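One file, upload_31.cif, carrying mmCIF, C-alpha atoms and all ligand atoms:
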```
data_work
#
loop_
_atom_site.label_atom_id
_atom_site.label_comp_id
_atom_site.auth_asym_id
_atom_site.auth_seq_id
_atom_site.Cartn_x
_atom_site.Cartn_y
_atom_site.Cartn_z
CA MET A 64 60.27 151.08 151.95
CA ILE A 65 57.92 151.49 149.02
CA GLU A 66 59.42 154.89 148.17
CA GLU A 67 62.91 153.45 148.48
CA LEU A 68 61.99 150.72 146.00
CA GLU A 69 60.50 153.23 143.58
CA GLN A 70 63.66 155.31 143.83
CA ILE A 71 65.78 152.24 143.03
CA GLN A 72 63.61 151.56 139.96
CA LYS A 73 63.94 155.15 138.77
CA ASP A 74 67.71 155.15 139.25
CA ALA A 75 68.07 151.76 137.57
CA LEU A 76 66.04 152.67 134.47
CA ALA A 77 67.95 155.94 134.09
CA ALA A 78 71.31 154.23 134.51
CA ILE A 79 70.40 151.50 132.03
CA ALA A 80 69.18 154.02 129.47
CA ALA A 81 72.48 155.91 129.72
CA VAL A 82 74.69 152.87 129.26
CA ASP A 83 76.81 152.83 126.06
CA SER A 84 78.53 149.47 126.09
CA GLU A 85 77.69 145.86 126.79
CA THR A 86 80.15 145.72 129.70
CA ALA A 87 78.65 148.86 131.24
CA LEU A 88 75.24 147.22 130.97
CA GLU A 89 76.54 144.15 132.79
CA ASP A 90 77.93 146.44 135.54
CA GLN A 91 74.46 147.92 135.99
CA ARG A 92 72.89 144.46 136.23
CA VAL A 93 75.34 143.50 138.97
CA GLY A 94 74.89 146.89 140.65
CA PHE A 95 71.11 146.52 140.97
CA LEU A 96 70.24 142.81 140.75
CA GLY A 97 73.51 141.15 141.84
CA LYS A 98 73.84 139.51 145.30
CA LYS A 99 75.13 142.75 146.78
CA GLY A 100 73.13 144.94 144.38
CA ARG A 101 70.87 147.73 145.60
CA LEU A 102 67.62 145.82 145.06
CA SER A 103 68.92 142.70 146.82
CA VAL A 104 70.13 144.76 149.75
CA ALA A 105 66.74 146.55 149.91
CA GLY A 106 64.96 143.19 149.68
CA ALA A 107 66.81 142.02 152.79
CA GLY A 108 64.96 144.84 154.59
CA MET A 109 61.70 142.85 154.24
CA ARG A 110 62.52 141.30 157.57
CA ASP A 111 61.84 144.58 159.36
CA VAL A 112 58.63 145.43 157.50
CA PRO A 113 55.53 145.20 159.72
CA LYS A 114 53.53 142.12 159.01
CA GLU A 115 50.47 143.85 157.57
CA GLN A 116 52.58 145.77 155.01
CA LYS A 117 54.49 142.74 153.86
CA PRO A 118 52.19 141.76 150.96
CA ALA A 119 52.22 145.25 149.45
CA VAL A 120 55.99 145.68 149.86
CA GLY A 121 56.60 142.19 148.50
CA GLN A 122 54.50 142.94 145.47
CA LYS A 123 56.36 146.20 144.89
CA LEU A 124 59.68 144.41 145.21
CA ASN A 125 58.62 141.98 142.49
CA GLU A 126 57.38 144.76 140.23
CA VAL A 127 60.65 146.63 140.51
CA ARG A 128 62.71 143.50 139.86
CA THR A 129 60.63 142.75 136.79
CA ALA A 130 60.90 146.30 135.49
CA ILE A 131 64.68 146.37 135.91
CA THR A 132 65.08 142.90 134.34
CA GLU A 133 63.00 143.90 131.32
CA ALA A 134 64.92 147.14 130.90
CA LEU A 135 68.21 145.23 131.01
CA GLU A 136 66.98 142.74 128.41
CA SER A 137 65.62 145.26 125.96
CA LYS A 138 68.71 147.45 126.26
CA GLY A 139 70.86 144.34 125.69
CA ALA A 140 68.90 143.34 122.58
CA GLU A 141 69.11 146.90 121.30
CA MET A 142 72.88 146.91 121.69
CA ILE A 143 73.33 143.54 119.91
CA ALA A 144 71.15 144.76 117.04
CA ALA A 145 73.23 147.93 116.78
CA ARG A 146 76.47 145.91 116.76
CA ASP A 147 75.16 143.61 113.98
CA ALA A 148 73.89 146.53 111.93
CA LYS A 149 77.33 148.14 112.13
CA GLN A 150 79.00 144.93 110.91
CA PHE A 151 76.55 144.38 108.06
CA ALA A 152 76.86 148.01 106.98
CA SER A 153 80.23 147.14 105.40
CA ILE A 154 78.71 144.27 103.34
CA ASP A 155 77.17 145.18 100.01
CA VAL A 156 74.40 142.61 99.65
CA THR A 157 73.70 143.77 96.09
CA LEU A 158 77.11 142.54 94.85
CA PRO A 159 76.88 139.52 92.54
CA PRO A 160 78.16 136.31 94.17
CA ARG A 161 81.66 135.09 93.37
CA PRO A 162 81.40 132.23 90.88
CA LEU A 163 82.13 128.77 92.31
CA PRO A 164 85.01 127.07 90.54
CA GLN A 165 83.49 124.46 88.24
CA GLY A 166 85.25 121.55 86.58
CA GLY A 167 84.52 119.92 83.25
CA LEU A 168 85.43 116.91 81.17
CA HIS A 169 88.89 116.94 79.56
CA PRO A 170 88.68 117.65 75.82
CA LEU A 171 90.10 114.18 75.12
CA THR A 172 87.30 112.61 77.14
CA GLN A 173 84.73 114.72 75.35
CA VAL A 174 86.03 113.73 71.91
CA GLN A 175 86.29 110.07 72.87
CA ASP A 176 82.73 110.07 74.25
CA GLU A 177 81.43 111.65 71.07
CA ALA A 178 83.30 109.16 68.86
CA ILE A 179 81.91 106.26 70.88
CA GLN A 180 78.39 107.66 70.62
CA ILE A 181 78.56 107.97 66.84
CA LEU A 182 79.96 104.48 66.35
CA ARG A 183 77.47 102.94 68.77
CA ARG A 184 74.67 104.43 66.74
CA MET A 185 76.18 102.54 63.80
CA GLY A 186 75.98 99.26 65.71
CA PHE A 187 79.49 98.97 67.16
CA ALA A 188 79.71 97.61 70.72
CA LEU A 189 82.43 98.52 73.23
CA ALA A 190 85.24 96.03 73.82
CA ASP A 191 88.54 96.17 75.66
CA GLY A 192 91.74 94.31 76.45
CA PRO A 193 94.81 94.63 78.69
CA GLU A 194 97.37 97.43 78.28
CA ILE A 195 100.14 95.02 79.33
CA GLU A 196 99.99 92.54 76.48
CA THR A 197 101.81 89.51 75.20
CA ALA A 198 103.88 90.03 72.07
CA TRP A 199 101.71 87.35 70.49
CA HIS A 200 98.49 89.39 70.84
CA CYS A 201 100.22 92.61 69.85
CA PHE A 202 102.32 91.32 66.95
CA ASP A 203 102.35 87.62 65.99
CA ALA A 204 98.58 87.21 65.84
CA LEU A 205 98.45 90.41 63.83
CA ASN A 206 100.72 88.97 61.14
CA THR A 207 103.69 91.02 62.36
CA PRO A 208 106.72 88.75 62.30
CA GLU A 209 109.74 88.79 64.60
CA GLU A 210 111.86 90.90 62.29
CA HIS A 211 109.27 93.70 61.91
CA PRO A 212 110.64 97.11 63.04
CA ALA A 213 107.60 97.73 65.31
CA ARG A 214 108.94 94.96 67.53
CA ASN A 215 112.30 96.66 68.04
CA GLU A 216 113.51 97.14 71.61
CA SER A 217 114.01 100.78 70.72
CA ASP A 218 110.40 101.24 69.60
CA THR A 219 108.56 99.34 72.33
CA PHE A 220 108.42 99.16 76.14
CA TYR A 221 109.29 95.56 77.09
CA PHE A 222 108.89 94.02 80.56
CA GLU A 223 111.38 91.45 81.86
CA ASN A 224 108.78 88.69 81.51
CA GLY A 225 108.56 89.40 77.78
CA LYS A 226 105.24 91.23 77.97
CA ILE A 227 104.95 94.71 76.52
CA LEU A 228 102.96 97.88 76.91
CA ARG A 229 100.69 97.49 73.90
CA THR A 230 101.94 99.57 70.97
CA HIS A 231 98.42 99.82 69.56
CA THR A 232 94.85 98.88 70.43
CA SER A 233 94.80 96.40 67.53
CA SER A 234 95.54 93.66 70.09
CA VAL A 235 91.89 94.03 71.20
CA GLN A 236 90.88 92.70 67.76
CA ILE A 237 92.62 89.46 68.69
CA GLN A 238 91.23 89.41 72.25
CA THR A 239 87.72 89.83 70.88
CA MET A 240 87.93 87.21 68.13
CA LEU A 241 89.38 84.65 70.57
CA LYS A 242 86.36 85.13 72.85
CA ASN A 243 83.57 85.57 70.30
CA PRO A 244 82.59 83.99 66.99
CA PRO A 245 81.61 86.23 64.05
CA PRO A 246 79.77 88.45 63.34
CA ILE A 247 81.88 91.01 65.24
CA ARG A 248 81.29 94.71 65.31
CA ILE A 249 83.34 96.34 68.08
CA ILE A 250 85.18 99.49 68.99
CA ALA A 251 87.90 99.62 71.64
CA PRO A 252 89.16 102.96 72.93
CA GLY A 253 92.27 102.92 75.12
CA SER A 254 95.89 103.84 75.74
CA ALA A 255 98.80 102.83 73.52
CA TYR A 256 102.53 103.17 74.25
CA ARG A 257 105.53 103.81 72.05
CA ARG A 258 109.10 104.97 72.46
CA ASP A 259 108.40 108.11 70.47
CA GLU A 260 110.10 111.45 70.90
CA ILE A 261 107.62 114.06 72.11
CA ASP A 262 106.86 116.71 69.52
CA ALA A 263 103.87 118.71 68.28
CA THR A 264 102.10 115.59 66.99
CA HIS A 265 103.61 112.68 69.01
CA LEU A 266 103.34 111.46 72.61
CA PRO A 267 104.81 108.21 74.03
CA VAL A 268 101.46 107.52 75.74
CA PHE A 269 98.44 108.28 73.62
CA THR A 270 94.91 107.15 73.00
CA GLN A 271 93.55 105.10 70.13
CA LEU A 272 90.15 103.93 69.10
CA GLU A 273 90.20 100.56 67.41
CA GLY A 274 87.37 99.22 65.29
CA LEU A 275 86.74 95.74 63.92
CA TYR A 276 83.91 94.48 61.75
CA VAL A 277 83.83 90.83 60.73
CA ASP A 278 80.97 89.18 58.87
CA THR A 279 80.38 87.61 55.47
CA HIS A 280 80.97 89.77 52.38
CA VAL A 281 82.53 92.78 54.11
CA THR A 282 84.13 95.02 51.52
CA LEU A 283 86.32 98.06 51.16
CA ALA A 284 83.20 100.06 50.31
CA ASP A 285 81.83 99.24 53.80
CA LEU A 286 85.04 100.46 55.37
CA LYS A 287 85.16 103.67 53.39
CA GLY A 288 81.48 104.41 53.92
CA THR A 289 81.75 103.78 57.66
CA LEU A 290 84.77 106.03 58.18
CA GLU A 291 83.57 108.82 55.90
CA TYR A 292 80.21 108.85 57.67
CA PHE A 293 81.98 108.85 61.02
CA PHE A 294 84.18 111.83 60.12
CA ARG A 295 81.23 113.82 58.79
CA GLU A 296 79.25 113.17 61.96
CA MET A 297 82.26 114.19 64.01
CA PHE A 298 83.46 117.24 62.11
CA GLY A 299 80.62 118.30 59.84
CA ASN A 300 80.02 117.85 56.13
CA SER A 301 82.81 120.15 55.01
CA ILE A 302 85.62 118.01 56.46
CA ASP A 303 88.17 116.86 53.87
CA VAL A 304 89.03 113.14 54.12
CA ARG A 305 91.84 111.45 52.17
CA PHE A 306 92.58 107.70 51.93
CA ARG A 307 96.22 106.96 51.08
CA PRO A 308 97.41 103.43 50.21
CA HIS A 309 99.76 102.24 52.92
CA PHE A 310 101.07 99.04 54.45
CA PHE A 311 100.00 97.37 57.69
CA PRO A 312 100.86 93.72 58.31
CA PHE A 313 97.34 92.88 59.56
CA THR A 314 95.32 94.38 56.71
CA GLU A 315 95.46 94.00 52.96
CA PRO A 316 94.82 96.33 51.24
CA SER A 317 95.67 98.98 53.84
CA PHE A 318 95.23 102.73 53.97
CA GLU A 319 96.11 105.70 56.05
CA VAL A 320 93.38 108.27 56.48
CA ASP A 321 94.25 111.96 56.58
CA LEU A 322 92.02 114.84 57.60
CA LYS A 323 92.70 118.44 56.73
CA LEU A 324 93.66 120.42 59.84
CA GLN A 325 92.60 124.02 59.52
CA VAL A 326 93.89 126.31 62.28
CA LYS A 327 93.18 130.02 61.94
CA GLY A 328 96.33 131.93 61.03
CA LYS A 329 98.23 128.78 59.98
CA SER A 330 98.38 127.16 56.59
CA ASP A 331 96.17 124.08 56.09
CA LYS A 332 97.87 120.79 56.74
CA TRP A 333 96.84 117.15 56.16
CA ILE A 334 97.18 115.19 59.36
CA GLU A 335 97.23 111.44 59.64
CA ILE A 336 94.31 110.35 61.77
CA ALA A 337 93.88 106.61 61.27
CA GLY A 338 95.10 103.40 59.76
CA CYS A 339 92.65 100.94 58.28
CA GLY A 340 92.14 98.15 55.83
CA ILE A 341 90.63 94.78 55.01
CA VAL A 342 91.59 92.18 57.61
CA ASP A 343 94.46 90.04 56.31
CA PRO A 344 93.44 86.34 56.03
CA ASN A 345 96.57 85.44 58.01
CA VAL A 346 95.03 87.13 61.07
CA PHE A 347 91.93 84.90 60.86
CA ILE A 348 94.11 81.82 60.42
CA GLU A 349 96.28 82.76 63.42
CA VAL A 350 93.21 83.40 65.63
CA ASP A 351 91.47 80.21 64.54
CA GLY A 352 94.62 78.25 65.41
CA LYS A 353 94.22 79.40 69.02
CA ARG A 354 90.42 78.94 69.29
CA LYS A 355 88.90 75.75 70.70
CA GLN A 356 86.27 75.95 68.00
CA PRO A 357 87.53 77.44 64.75
CA ALA A 358 85.12 80.11 63.49
CA TYR A 359 87.17 82.39 61.28
CA ASN A 360 87.68 80.53 58.03
CA PRO A 361 89.06 83.24 55.71
CA ASP A 362 87.16 81.68 52.81
CA GLU A 363 83.89 82.33 54.63
CA VAL A 364 84.37 85.52 56.65
CA SER A 365 85.85 88.87 55.81
CA GLY A 366 86.25 92.08 57.74
CA PHE A 367 87.61 95.56 58.01
CA ALA A 368 89.55 97.19 60.82
CA PHE A 369 90.63 100.67 61.71
CA GLY A 370 92.56 102.41 64.45
CA MET A 371 92.52 106.13 65.00
CA GLY A 372 94.25 108.57 67.30
CA ILE A 373 91.95 110.31 69.76
CA GLU A 374 94.43 113.13 70.42
CA ARG A 375 94.55 113.84 66.71
CA LEU A 376 90.75 113.87 66.54
CA ALA A 377 90.73 116.43 69.36
CA MET A 378 93.37 118.54 67.58
CA ILE A 379 91.24 118.77 64.46
CA LYS A 380 87.98 119.24 66.32
CA TYR A 381 89.28 122.06 68.51
CA GLU A 382 91.97 123.46 66.15
CA ILE A 383 94.81 122.65 68.52
CA SER A 384 98.18 123.06 66.82
CA ASP A 385 100.30 121.22 69.42
CA ILE A 386 99.38 117.84 70.96
CA ARG A 387 101.33 118.70 74.13
CA HIS A 388 98.59 121.11 75.22
CA LEU A 389 96.46 118.01 75.84
CA ILE A 390 98.74 116.69 78.58
CA ASP A 391 100.06 119.92 80.14
CA ASN A 392 97.05 120.24 82.48
CA ASP A 393 97.15 124.01 82.18
CA THR A 394 93.76 125.24 83.35
CA ARG A 395 94.01 128.30 81.09
CA PHE A 396 93.87 125.81 78.21
CA LEU A 397 91.47 123.28 79.71
CA SER A 398 88.90 125.82 80.92
CA GLN A 399 88.13 126.65 77.27
CA PHE A 400 86.45 123.24 76.88
CA ARG A 401 83.99 123.33 79.79
N1 LIG A 501 97.48 99.76 64.71
C1 LIG A 501 97.83 100.78 63.74
C2 LIG A 501 98.72 101.80 64.38
O1 LIG A 501 98.74 101.89 65.57
C3 LIG A 501 96.62 101.47 63.21
C4 LIG A 501 95.76 100.54 62.42
C5 LIG A 501 95.98 100.32 61.08
C6 LIG A 501 94.74 99.87 63.04
C7 LIG A 501 95.21 99.50 60.33
C8 LIG A 501 93.93 99.00 62.29
C9 LIG A 501 94.18 98.83 60.94
O2 LIG A 501 92.93 98.35 62.83
O3 LIG A 501 93.40 98.02 60.22
O4 LIG A 501 99.40 102.51 63.69
#
```
Once you've parsed the file, please lay out its structure as structure tokens.
Ligand code: DAH
Amino acid sequence: MIEELEQIQKDALAAIAAVDSETALEDQRVGFLGKKGRLSVAGAGMRDVPKEQKPAVGQKLNEVRTAITEALESKGAEMIAARDAKQFASIDVTLPPRPLPQGGLHPLTQVQDEAIQILRRMGFALADGPEIETAWHCFDALNTPEEHPARNESDTFYFENGKILRTHTSSVQIQTMLKNPPPIRIIAPGSAYRRDEIDATHLPVFTQLEGLYVDTHVTLADLKGTLEYFFREMFGNSIDVRFRPHFFPFTEPSFEVDLKLQVKGKSDKWIEIAGCGIVDPNVFIEVDGKRKQPAYNPDEVSGFAFGMGIERLAMIKYEISDIRHLIDNDTRFLSQFR
């Protein structure tokens, strides 16, 4: 019996060593250790072994089973390692990783954030108001009478209830003065809506940044100094700024501010960036008429206001020749601003 067991061990180890696939290995396991395998069949022979030999034969049986089991396991591990090595051989671990796609802030957001930062350093606080406005906040309170062309059906988006999509952020001036007494020093970035034809410098939905400063003895010099400082902070000292006399119903005197747009390969061009002026006394009178406690006596307070186009700021900052790039959402364009 002992010799038989040793022969089984020899045969098993040789067979296992010769195996060349994982299924062949499994066949060998079944062939030797399975219920009808050679070792199991031999083990059944224990019954006929004389009593005094039983311990020795039993021990041998265990040794052989252990030896075969270990051989099966190590051959199995060897084969798995070989399979993995073959798979990894086709992977070049020295290749650089593929970059993960990474987003970034839209150039309009970046410019708006920077503008807000500069003006906050100068003491302006953020304010806001609704985009769906009453005609009173948008026009009447801003000294813009019924017959003014800005109020035309063809220039403005009217709702059936008479409200409108605000045509400018100047309505936030009114919202703020109704809620707060002077002194006021606010900026209000936000969307504005007009029935404009889309072209290289116009969009029907665009972004403005409104500013209002009301205190005693506010002058045109304060306005000019504030805006010139702002533009230099934004664009650097070499930026060309031009104030042109203009008309706005809610300021007197009023100006338009132009900046020189310099795009490589194109001729320089002045582009209108903002409207501004000294708050018209009629605006204070109109606001005070609506306040529970009058606080804006035009003989005591004065102020300046401005409103600029954020898209236009971005065009100058990044030398963009067509405003439509800013709304096309073309990643080839946007990825340049990450
Ligand atoms: N609201 C004007 C516009 O949209 C811009 C403007 C002009 C704003 C003069 C002002 C201002 O605050 O004082 O064209």
One number please: CA of Ala145 (chain A) to CA of Leu96 (chain A), in Å, one decimal. 24.7 Å
Compute the set of protein, DNA and RNA residues whose minimum atom distance to ligand LIG 501 (chain A) is at most 7 Å, using only C-alpha atoms and all ligand atoms, and state it as a ChimeraX atom specification. /A:230-233,273-275,311,313-314,317,337-342,367-371
What are the closest atom pairs, with distances in Å to one decimal, for each residue of region 128-220 of chain A lying within 12 Å of region 98-109 of chain A, using all atoms listed in the file, rows by chain and rising residue number, as a Markdown table?
```
| residue | atom | partner | partner_atom | distance |
| --- | --- | --- | --- | --- |
| A:Arg128 | CA | A:Leu102 | CA | 7.5 |
| A:Thr129 | CA | A:Leu102 | CA | 11.3 |
| A:Ala130 | CA | A:Leu102 | CA | 11.7 |
| A:Ile131 | CA | A:Leu102 | CA | 9.6 |
| A:Thr132 | CA | A:Leu102 | CA | 11.4 |
```
With only C-alpha atoms as the counted atoms, please give the residues lying no more than 10 Å from Thr264 (chain A), apart from itself and same-chain residues fewer than 3 positions off, as a ChimeraX atom specification. /A:260-261,334-335,374-375,378,384-387
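Minimum atom-to-atom distance to Ala213 (chain A), evaluated using all atoms listed in the file, belongs to A:Pro312 out of A:Gly94, A:Gly366, A:Pro312, A:Pro162.
Of note, CA of Tyr359 (chain A) and CA of Met240 (chain A) are spaced 8.4 Å apart.
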